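> First the structure, which I've put down as structure tokens, then a few questions once you've had a look.
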Amino acid sequence: MVRSANLGFPRIGARRELKHAVEAYWKGECSADRLKAIGAELRTRHWQLQQDAGIDVIPSNDFSFYDQMLDMAVTLGAVPPRFAALADADPLDLRFAMARGTDDAPAMEMTKWFDTNYHYIVPEVSADQRFELRDPKPVAEVREARALGIQTRPVLIGPITFLMLSKAQDGTAPLSLLGRLLPIYRQLLNRLADEGAEWVQVDEPVLALDLPASAQDALRTAYAALADERPALMLTSYFEGLGDNLALAAGLPVAGLHLDLVRGAQDLTPALTLVDRDRVLSLGLIDGRNIWRANLRDTLKTLQVAIAARGPERLQVAPSCSLLHCPVDLTRETELDAELRGWLAFAKQKLEEVAVLARAAHGTSTAIEDALDDAHMAATRRRTSARTHDRAVADRLASVQTRDMERRSPFAERRVKQQARFDLPPFPTTTIGSFPQTREVRKARAAHRRGDMDDAAYEAFLKAETERTIRAQEDLGLDVLVHGEFERNDMVEYFGEQLNGFAFTRAGWVQSYGTRCVKPPIIYGDVSRPAPMTVAWSRYAQSLTDRPVKGMLTGPVTILQWSFVRDDQPRSATCFQIALAIRDEVADLEAAGIGMIQIDEPALREGLPLRTADRAAYLDWAVDAFRLAAAPVADATQIHTHMCYAEFNDIMDAIAGLDADVISIETSRSHMALLDAFAVFAYPNDIGPGVWDIHSPRVPSSDEMVALLTKASAAIPRDRLWVNPDCGLKTRAWPEVAAALKAMVSAARSLRHAKAA
Ligand SMILES: CN1c2c(nc(N)[nH]c2=O)NC[C@@H]1CNc1ccc(C(=O)N[C@@H](CCC(=O)N[C@@H](CCC(=O)N[C@@H](CCC(=O)O)C(=O)O)C(=O)O)C(=O)O)cc1
Ligand SMILES: N[C@@H](CCS)C(=O)O
Ligand SMILES: [Zn+2]
């Protein structure tokens with residue numbers, strides 16, 4: 001029997017119930033018991049939903065109040081010593097403290113989960129690391145589901161992925177700790193078996209990466225040690241094909257292997273022979289990373305190839321990866337036009353697709369034939385729809401020349417002209433763009449959307465917020481100001497709403513980190529800009545002050561990366577279309593007298609292919625797309641860019657290739673470690689290393705910022721350093737913002753007065 005399986009379901013709830021409950025708990029407006037009850041309600045609802053969708057293998061421990069890596073670290077006892085005071089606290093509070101920091105203990109680092117817009121908490125380990133089985137949440141969730149009559153397959157982050165994504169401040173190679181970690185995994189697997197789990201899903205997405213020999217050996221060691229434990233192990237990898245790791249994965253003594261056949265379709269043929277027939281093969285046929293409805297007739301053909309080779313007995317059909325990266329339920333999108341809606345599937349609908357495929361493998365019925373026909377017709381209509389193609393966009397793209405991607409003069413010449421124009425002090429201070437998106441701002445936007453606030457009242461409200469923010473920045477003594485981004489719901493969605501070729505959802509929320517969610521727009525057709533998108537707000541903000549106000553745009557790669565992207569043309573083609581739209585906006589901002597324009601590209605690194613061999617081609621087009629967007633301006637117009645919450649060391653060439661006059665970059669959580677890469681690489685342009693970790697409610701002192709900047713000035717010449725937070729301030733509250741920016745300006749001033757080293 002081909003069985004239908006799932007690897008993980010979004011935990012936030014269709015109405016972001018989890019977000020609201022956790023944030024209420026943090027504010028003291030909800031008790032721990034109530035919060036836990038809401039978590040349990042969501043788990044129950046999601047298990048039942050999967051059962052109703054016809055899924056045979058349902059995951060547990062895919063739920064988390066904050067992040068699954070953080071949970072795994074706590075389960076394994078990898079709690080950094082600075083949180084020792086919370087050793088006896090409720091594990092929930094310990095987790096939140098680790099993720100968000102406390103007055104006494106800075107938060108743990110956070111970074112991107114592979115090539116997604118999901119951020120995980122980076123486990124911290126050290127040479128004297130001891131692990132212990134602590135707070136066995138995975139066991140509790142198996143028990144909880146069983147009490148509801150649902151047998152689940154719990155999900156664990158595998159030991160090699162856990163260690164390879166961990167960091168040690170003392171230089172310890174995390175994989176060297178494997179011997180100490182494995183007994184804890186053995187203990188945990190046994191506990192899960194005792195609780196009735198017959199199978200455990202072990203996620204080892206590092207198998208999608210180029211693996212050094214040490215990692216390959218570690219995988220062999222780990223799974224040799226875990227193989228004889230009672231639960232059968234389903235080893236999963238995703239986000240890319242296994243490629244040359246397929247033989248390694250197939251050789252590990254696990255009872256099942258999952259393949260991402262959306263990103264790694266080429267793995268299927270070799271896997272059909274390499275994976276022994278007594279193992280279960282899980283076929284990740286439904287795309288867990290995008291929202292397009294599958295053409296189930298085509299997908300069924302792939303499944304039939306596998307059945308023909310191995311028989312149906314030990315086969316599972318599944319999404320390519322956890323559905324964490326998809327919105328929950330398309331049926332809530334009542335405002336989407338019917339044609340477009342017919343092209344889409346969210347998490348719930350994807351599980352229905354999985355179930356149809358598994359049933360179709362055993363012969364068809366009228367209902368199944370209808371489902372296959374519907375899916376086929378929707379795919380055909382999307383491919384041939386006139387809505388997806390715009391001749392003018394194609395013609396303009398075809399006429400782009402290399403010189404369109406080049407500024408008029410080299411940086412050194414531009415810099416002289418910009419210095420003369422702006423006359424900034426050393427260590428100029430600025431922020432990244434957004435200021436607090438307070439409840440009032442969100443309420444006003446919601447009222448405007450509902451029609452309860454008219455255009456004039458909404459505009460007056462936003463103008464007042466913008467003016468207040470300009471005055472606050474002047475009072476704080478910042479040198480380069482921003483307008484605050486109050487008119488934006490999100491830095492990508494806002495642009496998507498104004499561009500042709502984009503659709504957006506009402507409730508298509510996807511978790512980004514902790515309680516923070518995003519609604520990625522859907523790029524279904526050729527992209528163009530019918531009218532200026534930001535000029536009026538930037539012009540208004542600049543009219544309020546003599547200090548420079550940065551124009552604020554999101555770059556083409558980030559708009560691409562944080563949207564659901566059409567799959568009927570290369571991503572690069574879509575990216576260049578967006579770049580042309582942003583280029584027009586840049587030109588219009590300059591024409592409106594805006595002298596500094598920031599083009600944010602926080603997702604440049606995130607889009608980097610997981611395999612080294614694919615990276616150069618991506619970086620070429622991604623850098624070109626940015627340059628195409630940024631290049632039309634005069635030398636005296638200063639182009640800024642911004643990046644955050646990713647590992648940038650391996651894309652230094654590309655960052656320099658952007659040729660932005662100034663880059664602001666997140667560095668504070670990693671203690672400025674990144675700057676070594678900028679120094680070694682001799683990064684040529686100006687840099688603002690973040691000195692305030694804005695993802696934590698903790699307000700750093702001026703002394704801490706001075707220490708970070710002193711460290712920075714050892715790596716980067718002083719006259720090229722800017723002073724700014726790690727990222728935008730939209731998630732923070734005004735009192736924290738005022739206090740931290742005051743400290744930041746004071747740190748910059750004390751460095752200005754300090755003697756140059
Ligand atoms: C910089 N980051 C971003 C990423 N991806 C993006 N697409 N955008 C980003 O900014 N990836 C990397 C990082 C991740 N960081 C963040 C930081 C903050 C958020 C965040 O705050 N998300 C908000 C939702 C933002 C939004 O879309 N707001 C809308 C809708 C607000 C809303 O909830 N409205 C309610 C009604 C409100 C009321 O009446 O009180 C409703 O519609 O029901 C808006 O402002 O209009 C979040 O709340 O999680 C995300 C990623
Ligand atoms: N300008 C954006 C960048 C976030 S990465 C902001 O300040 O929120
Ligand atoms: Zn940022």
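Residues in the structure tokens are numbered from 1 in each chain, the chains being A, B, ... in the order shown, and ligands are numbered from 1 in the order shown.
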As a short mmCIF file (atom, residue, chain, number, x, y, z; two decimals) with C-alpha atoms, in the first residue's frame, list the residues of segment 126-273 of chain A assigned to strand (DSSP E) by DSSP on the backbone atoms of this structure.

data_model
loop_
_atom_site.label_atom_id
_atom_site.label_comp_id
_atom_site.auth_asym_id
_atom_site.auth_seq_id
_atom_site.Cartn_x
_atom_site.Cartn_y
_atom_site.Cartn_z
CA THR A 152 2.02 10.03 15.15
CA ARG A 153 5.52 9.93 13.77
CA PRO A 154 7.46 12.41 15.92
CA VAL A 155 9.96 14.68 14.19
CA LEU A 156 13.44 15.26 15.57
CA ILE A 157 16.25 17.41 14.20
CA LYS A 167 28.18 27.35 17.03
CA ALA A 168 30.97 27.29 19.60
CA TRP A 199 8.59 5.42 13.56
CA VAL A 200 10.55 8.60 14.15
CA GLN A 201 11.23 11.17 11.44
CA VAL A 202 14.82 12.35 11.74
CA ASP A 203 15.48 15.54 9.81
CA ALA A 232 12.25 2.76 12.90
CA LEU A 233 13.93 5.88 11.53
CA MET A 234 12.65 7.81 8.52
CA LEU A 235 15.65 9.91 7.49
CA THR A 236 14.56 13.08 5.73
CA GLY A 256 13.26 4.75 5.55
CA LEU A 257 14.55 7.55 3.37
CA HIS A 258 12.67 10.64 2.21
CA LEU A 259 13.57 12.40 -1.03
CA ASP A 260 12.70 15.96 -2.03
#
> Using only C-alpha atoms and all ligand atoms, determine which residues fall within 8 Å of ligand 3, then list them as a PyMOL selection string.
chain A and resi 432+600+602+642-645+665-666+726-728
> For Trp734 of chain A, which residue out of A:Gly484, A:Trp509, A:Leu675, A:Pro436 is the nearest one, using only C-alpha atoms?
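Going through A:Gly484, A:Trp509, A:Leu675, A:Pro436 one by one, the smallest distance to Trp734 of chain A is for A:Pro436.
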> Let me see if you get this right: every residue at most 9 Å from ligand 1, counting only C-alpha atoms and all ligand atoms, written as a PyMOL selection string.
chain A and resi 15-16+19-20+112+117-119+437-447+449+486-494+506-507+509-521+558-559+561-563+602-603+643-645+695+727-731
> Quick one, how far is atom CA of Glu647 of chain A from atom CA of Ala673 of chain A?
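These two atoms are separated by 10.2 Å.
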> Could you give me, as a tab-separated table, a per-residue list for segment 531-586 of chain A showing, wherever an atom lies at most 12 Å from an atom of segment 339-355 of chain A, the closest pair of atoms and their distance in Å to one decimal, using only C-alpha atoms and sorting by chain then residue number from low to high?

residue	atom	partner	partner_atom	distance
A:Phe564	CA	A:Leu344	CA	10.7
A:Val565	CA	A:Leu344	CA	11.9
A:Arg566	CA	A:Trp343	CA	10.9
A:Asp567	CA	A:Trp343	CA	11.9
> What does the distance from atom CA of Ala105 of chain A to atom CA of Glu132 of chain A come to in Å, to one decimal?
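Taking atom CA of Ala105 of chain A as the start and atom CA of Glu132 of chain A as the end point, the length is 21.9 Å.
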> Env of Ala222 of chain A: 9 Å cut, atoms = only C-alpha atoms, seq-sep filter 2 positions within chain, self excluded. Answer as an NGL selection string.
:A and (159-160 or 178-179 or 182 or 217-220 or 224-227)
> Show which residues sit within 10 Å of Pro548 of chain A, as number ranges by chain. Count only C-alpha atoms, and ignore same-chain residues fewer than 2 positions away.
A: 422, 424, 479-482, 541-542, 545-546, 550-551, 594-596
> Looking only at the backbone, which of the residues in segment 400-458 of chain A does DSSP tag as helix (DSSP H, G or I), as a ChimeraX atom specification?
/A:402-405,411-422,439-450,455-458
> So, with only C-alpha atoms as the atoms that count, which of A:Ala107, A:Val139, A:Leu709, A:Leu478 lies closest to Leu741 of chain A?
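Closest residue, counting only C-alpha atoms: A:Leu478.
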> Mind giving me the straight-line distance from atom CA of Thr269 of chain A to atom CA of Thr364 of chain A in Å, one decimal?
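Between atom CA of Thr269 of chain A and atom CA of Thr364 of chain A the gap is 25.1 Å.
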> Considering only C-alpha atoms, state which residue in the set A:Leu610, A:Val416, A:Ala360, A:Leu553 is at the smallest distance from Ala630 of chain A.
A:Leu553
> Quick one: residues within 6 Å of segment 68-82 of chain A, only C-alpha atoms counted, chain neighbours fewer than 4 positions away excluded, as a list in words?
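My list of contacting residues is Ser64, Ala105, Ile121, Phe131, Glu132, Leu133, Arg134, Asp135 and Pro136 of chain A.
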